[in-house]
Amino acid sequence: MQMLRPHSLIVGIVASLVLAAWGSAAAQMKPASAEIVRANGRIEVLPKGQTTWTAGAVGTRLVEGDQIRAMAASAADLTLPDGSTILIAENTRFAVSKLDYDTARGDRDATFHVVAGKVRAQVTQAAVSLVRARQSNFNISTPNGVAAVRGTILITAYNPATQETLTYVFPSPGQPASSARVTFVNRNGQAVTITAGNFVRQVGSQPPGAPTPVTSLPGAVQAALQTAQNQATQGATDLITIGVVLPTAEQTQNLVGPVIGTPGPSNPIQAVSNPLPGGNTGGCNGCGQDVKNNPKPPLPPPCDRQSESTVCEPPGVGSAKGRPPVCASPPCD
């Protein structure tokens, strides 16, 4: 009979305990819901499997498979069981892909999808057990890719007309800027880590651009980022079409897992530094360009609504002569 060496025996015991602990945590996860705690204007929900949008109001709960949309001059705030909040900006369609929560341990497994528009998520720090396991457990995807969040403020905007995703990262109140980070992974598995005060632009199937300081944007653009203002996707077909492609939570996790890491040996982040050529980004002039090529991007021109082919404002930002920002989470100064 072959004798086990003490070292091998210890490694085997530790591995078994880790797997058992993870299995126990997963077993305690239960389906949860996101609650609308503030609703301004025309807010509608589309329950899973249904084909008719219905009015959403304060107290409405969204579960796995449900969708919510905020039409023009409208906005909504969602609160999650772990204390995280999500602002749904105007002209935005948003889906709950998965939302599980363990009330005893504070563990979560949350995946969402932006069909069109802009959301601002203030994500609480993940439970210690998940952080140690390097499990990405809060993801917001777009048709272009996935933003994996550790616990910070994330703004994600997607414009179907330009196939452009913009991902902005800010520290939460009281959070050290050094710990605020988000990893964006495109559909080809190319990833870039975004730290506090930076944003990344990604278009279609192209690699994500290099992180760019938010301070490189015009003051008016910066001021509007964290508000509910978003005229760029007004009238977008994806806001009204019933049937749109929604990735499953499993598909999203399979995309970020090899990059962020899953329980077991960790995987290094694949840093990408390949800014796209200068020119009109499709969202705003200069928003996604390399700062060296365009250190002071010009302010987007006012929109001429008679011409839908002219892109004149970034996701989440109205024209210079547009109406004041819609604020769903005062104060929004």
# chains A, B, ... in the order shown; residues from 1 in each chain; ligands from 1
call {"tool": "residues_around", "arguments": {"residues": "Ala95 (chain A)", "least_positions_apart": "5", "cutoff": "8 Å", "atoms": "only C-alpha atoms", "output": "MDAnalysis selection string"}}
result
chainID A and resid 65:68 112:115 246
call {"tool": "write_last_selection", "arguments": {"atoms": "all heavy atoms", "output": "short mmCIF file (atom, residue, chain, number, x, y, z; two decimals), in the first residue's frame"}}
result
data_model
loop_
_atom_site.label_atom_id
_atom_site.label_comp_id
_atom_site.auth_asym_id
_atom_site.auth_seq_id
_atom_site.Cartn_x
_atom_site.Cartn_y
_atom_site.Cartn_z
N GLY A 65 -34.16 37.70 -14.83
CA GLY A 65 -34.86 37.66 -16.10
C GLY A 65 -35.73 38.87 -16.38
O GLY A 65 -36.19 39.06 -17.51
N ASP A 66 -35.96 39.70 -15.36
CA ASP A 66 -36.79 40.90 -15.55
C ASP A 66 -35.97 42.02 -16.17
O ASP A 66 -34.74 42.07 -16.04
CB ASP A 66 -37.35 41.38 -14.22
CG ASP A 66 -38.40 40.43 -13.64
OD1 ASP A 66 -38.82 39.51 -14.37
OD2 ASP A 66 -38.78 40.61 -12.47
N GLN A 67 -36.68 42.96 -16.83
CA GLN A 67 -36.04 44.11 -17.42
C GLN A 67 -36.74 45.39 -16.96
O GLN A 67 -37.91 45.37 -16.60
CB GLN A 67 -36.09 44.04 -18.96
CG GLN A 67 -35.39 42.83 -19.55
CD GLN A 67 -35.49 42.81 -21.07
OE1 GLN A 67 -35.11 43.77 -21.76
NE2 GLN A 67 -36.01 41.72 -21.60
N ILE A 68 -36.01 46.49 -17.00
CA ILE A 68 -36.55 47.79 -16.65
C ILE A 68 -36.06 48.80 -17.68
O ILE A 68 -34.95 48.67 -18.20
CB ILE A 68 -36.13 48.22 -15.22
CG1 ILE A 68 -36.74 49.59 -14.87
CG2 ILE A 68 -34.63 48.24 -15.08
CD1 ILE A 68 -36.49 50.00 -13.42
N PHE A 112 -25.81 41.81 -14.38
CA PHE A 112 -26.80 42.66 -15.04
C PHE A 112 -26.35 42.94 -16.47
O PHE A 112 -25.20 42.68 -16.84
CB PHE A 112 -26.96 43.98 -14.28
CG PHE A 112 -27.29 43.80 -12.82
CD1 PHE A 112 -26.29 43.78 -11.86
CD2 PHE A 112 -28.61 43.64 -12.41
CE1 PHE A 112 -26.59 43.61 -10.51
CE2 PHE A 112 -28.92 43.47 -11.07
CZ PHE A 112 -27.91 43.46 -10.12
N HIS A 113 -27.27 43.50 -17.27
CA HIS A 113 -26.95 43.77 -18.68
C HIS A 113 -27.56 45.09 -19.11
O HIS A 113 -28.76 45.33 -18.88
CB HIS A 113 -27.48 42.64 -19.56
CG HIS A 113 -27.12 42.80 -21.01
ND1 HIS A 113 -25.85 42.64 -21.49
CD2 HIS A 113 -27.89 43.12 -22.10
CE1 HIS A 113 -25.84 42.84 -22.80
NE2 HIS A 113 -27.05 43.15 -23.19
N VAL A 114 -26.76 45.94 -19.73
CA VAL A 114 -27.23 47.19 -20.31
C VAL A 114 -27.51 46.96 -21.79
O VAL A 114 -26.59 46.74 -22.58
CB VAL A 114 -26.19 48.32 -20.14
CG1 VAL A 114 -26.70 49.61 -20.79
CG2 VAL A 114 -25.89 48.55 -18.67
N VAL A 115 -28.78 47.00 -22.16
CA VAL A 115 -29.16 46.84 -23.57
C VAL A 115 -28.86 48.12 -24.33
O VAL A 115 -28.34 48.10 -25.45
CB VAL A 115 -30.65 46.48 -23.69
CG1 VAL A 115 -31.06 46.38 -25.15
CG2 VAL A 115 -30.95 45.18 -22.95
N LEU A 246 -30.16 38.82 -24.86
CA LEU A 246 -29.68 39.00 -23.49
C LEU A 246 -28.74 37.85 -23.14
O LEU A 246 -29.15 36.69 -23.15
CB LEU A 246 -30.84 39.03 -22.50
CG LEU A 246 -31.88 40.15 -22.67
CD1 LEU A 246 -33.01 39.98 -21.65
CD2 LEU A 246 -31.22 41.52 -22.51
#
call {"tool": "closest_residue", "arguments": {"among": "A:Pro213, A:Gly189, A:Pro160, A:Gly49", "to": "Asn254 (chain A)", "atoms": "only C-alpha atoms"}}
result
A:Gly189
call {"tool": "atom_distance", "arguments": {"atom1": "CA of Gln234 (chain A)", "atom2": "CA of Ala70 (chain A)"}}
result
10.3 Å
call {"tool": "select_by_dssp", "arguments": {"residues": "region 71-145 of chain A", "states": "strand (DSSP E or B)", "output": "PyMOL selection string"}}
result
chain A and resi 75-79+85-88+92-102+107-122+138-141+145
call {"tool": "write_last_selection", "arguments": {"atoms": "N, CA and C atoms", "output": "CSV table (one decimal), in the first residue's frame"}}
result
chain,number,residue,atom,x,y,z
A,75,ALA,N,-36.1,58.5,-14.9
A,75,ALA,CA,-34.9,57.8,-14.2
A,75,ALA,C,-35.5,57.0,-13.0
A,76,ALA,N,-34.7,56.0,-12.6
A,76,ALA,CA,-35.1,55.2,-11.5
A,76,ALA,C,-33.9,54.8,-10.7
A,77,ASP,N,-34.1,54.5,-9.4
A,77,ASP,CA,-33.0,54.0,-8.6
A,77,ASP,C,-33.4,52.6,-8.1
A,78,LEU,N,-32.5,51.7,-8.1
A,78,LEU,CA,-32.7,50.3,-7.6
A,78,LEU,C,-31.8,50.1,-6.4
A,79,THR,N,-32.3,49.4,-5.4
A,79,THR,CA,-31.4,49.0,-4.3
A,79,THR,C,-31.4,47.5,-4.3
A,85,THR,N,-26.4,50.1,-5.0
A,85,THR,CA,-27.5,50.8,-5.6
A,85,THR,C,-27.2,51.0,-7.1
A,86,ILE,N,-28.2,51.1,-7.9
A,86,ILE,CA,-28.0,51.3,-9.4
A,86,ILE,C,-29.0,52.4,-9.8
A,87,LEU,N,-28.4,53.4,-10.5
A,87,LEU,CA,-29.2,54.5,-11.1
A,87,LEU,C,-29.5,54.1,-12.6
A,88,ILE,N,-30.7,54.1,-12.9
A,88,ILE,CA,-31.1,53.8,-14.3
A,88,ILE,C,-31.3,55.2,-15.0
A,92,THR,N,-32.8,54.4,-21.1
A,92,THR,CA,-32.0,53.2,-20.8
A,92,THR,C,-32.8,52.0,-20.6
A,93,ARG,N,-32.3,50.9,-21.1
A,93,ARG,CA,-32.9,49.6,-20.9
A,93,ARG,C,-31.9,48.7,-20.2
A,94,PHE,N,-32.4,48.0,-19.1
A,94,PHE,CA,-31.5,47.3,-18.2
A,94,PHE,C,-32.1,46.0,-17.8
A,95,ALA,N,-31.3,44.9,-17.7
A,95,ALA,CA,-31.9,43.6,-17.4
A,95,ALA,C,-31.1,43.0,-16.2
A,96,VAL,N,-31.9,42.2,-15.4
A,96,VAL,CA,-31.3,41.5,-14.3
A,96,VAL,C,-31.0,40.1,-14.8
A,97,SER,N,-29.8,39.8,-15.0
A,97,SER,CA,-29.4,38.4,-15.5
A,97,SER,C,-29.4,37.4,-14.4
A,98,LYS,N,-28.9,37.8,-13.2
A,98,LYS,CA,-28.9,36.9,-12.1
A,98,LYS,C,-28.7,37.7,-10.8
A,99,LEU,N,-29.4,37.4,-9.8
A,99,LEU,CA,-29.3,38.1,-8.5
A,99,LEU,C,-29.5,37.1,-7.4
A,100,ASP,N,-28.5,36.6,-6.8
A,100,ASP,CA,-28.6,35.7,-5.6
A,100,ASP,C,-27.9,36.3,-4.5
A,101,TYR,N,-28.3,36.0,-3.2
A,101,TYR,CA,-27.8,36.6,-2.1
A,101,TYR,C,-27.9,35.7,-0.9
A,102,ASP,N,-26.8,35.7,0.0
A,102,ASP,CA,-26.8,34.9,1.2
A,102,ASP,C,-26.9,35.9,2.4
A,107,ASP,N,-22.8,37.1,1.1
A,107,ASP,CA,-22.2,36.8,-0.2
A,107,ASP,C,-23.3,37.1,-1.3
A,108,ARG,N,-22.8,37.4,-2.4
A,108,ARG,CA,-23.7,37.8,-3.5
A,108,ARG,C,-23.2,37.2,-4.9
A,109,ASP,N,-24.1,37.1,-5.8
A,109,ASP,CA,-23.8,36.7,-7.1
A,109,ASP,C,-24.8,37.5,-8.0
A,110,ALA,N,-24.2,38.6,-8.5
A,110,ALA,CA,-25.1,39.6,-9.3
A,110,ALA,C,-24.5,39.8,-10.7
A,111,THR,N,-25.4,39.7,-11.7
A,111,THR,CA,-25.0,39.9,-13.0
A,111,THR,C,-26.2,40.7,-13.7
A,112,PHE,N,-25.8,41.8,-14.4
A,112,PHE,CA,-26.8,42.7,-15.0
A,112,PHE,C,-26.3,42.9,-16.5
A,113,HIS,N,-27.3,43.5,-17.3
A,113,HIS,CA,-26.9,43.8,-18.7
A,113,HIS,C,-27.6,45.1,-19.1
A,114,VAL,N,-26.8,45.9,-19.7
A,114,VAL,CA,-27.2,47.2,-20.3
A,114,VAL,C,-27.5,47.0,-21.8
A,115,VAL,N,-28.8,47.0,-22.2
A,115,VAL,CA,-29.2,46.8,-23.6
A,115,VAL,C,-28.9,48.1,-24.3
A,116,ALA,N,-29.2,49.2,-23.7
A,116,ALA,CA,-28.9,50.6,-24.3
A,116,ALA,C,-29.0,51.6,-23.2
A,117,GLY,N,-28.2,52.6,-23.3
A,117,GLY,CA,-28.3,53.7,-22.3
A,117,GLY,C,-27.1,53.7,-21.3
A,118,LYS,N,-27.4,54.2,-20.1
A,118,LYS,CA,-26.4,54.4,-19.1
A,118,LYS,C,-26.9,54.1,-17.7
A,119,VAL,N,-26.0,53.4,-16.9
A,119,VAL,CA,-26.3,53.1,-15.5
A,119,VAL,C,-25.2,53.6,-14.7
A,120,ARG,N,-25.5,53.9,-13.4
A,120,ARG,CA,-24.4,54.2,-12.4
A,120,ARG,C,-24.6,53.3,-11.2
A,121,ALA,N,-23.7,52.4,-11.0
A,121,ALA,CA,-23.8,51.4,-9.9
A,121,ALA,C,-22.8,51.8,-8.8
A,122,GLN,N,-23.3,51.9,-7.6
A,122,GLN,CA,-22.4,52.1,-6.4
A,122,GLN,C,-22.4,50.7,-5.7
A,138,PHE,N,-19.9,40.6,-9.1
A,138,PHE,CA,-20.8,41.7,-9.5
A,138,PHE,C,-20.4,42.1,-10.9
A,139,ASN,N,-21.2,41.8,-11.9
A,139,ASN,CA,-20.8,42.1,-13.3
A,139,ASN,C,-21.9,42.9,-14.0
A,140,ILE,N,-21.5,43.8,-14.8
A,140,ILE,CA,-22.5,44.5,-15.6
A,140,ILE,C,-22.0,44.4,-17.1
A,141,SER,N,-22.8,43.8,-17.9
A,141,SER,CA,-22.4,43.6,-19.3
A,141,SER,C,-23.1,44.5,-20.3
A,145,GLY,N,-19.1,43.7,-24.1
A,145,GLY,CA,-18.2,43.0,-23.1
A,145,GLY,C,-18.8,43.1,-21.7
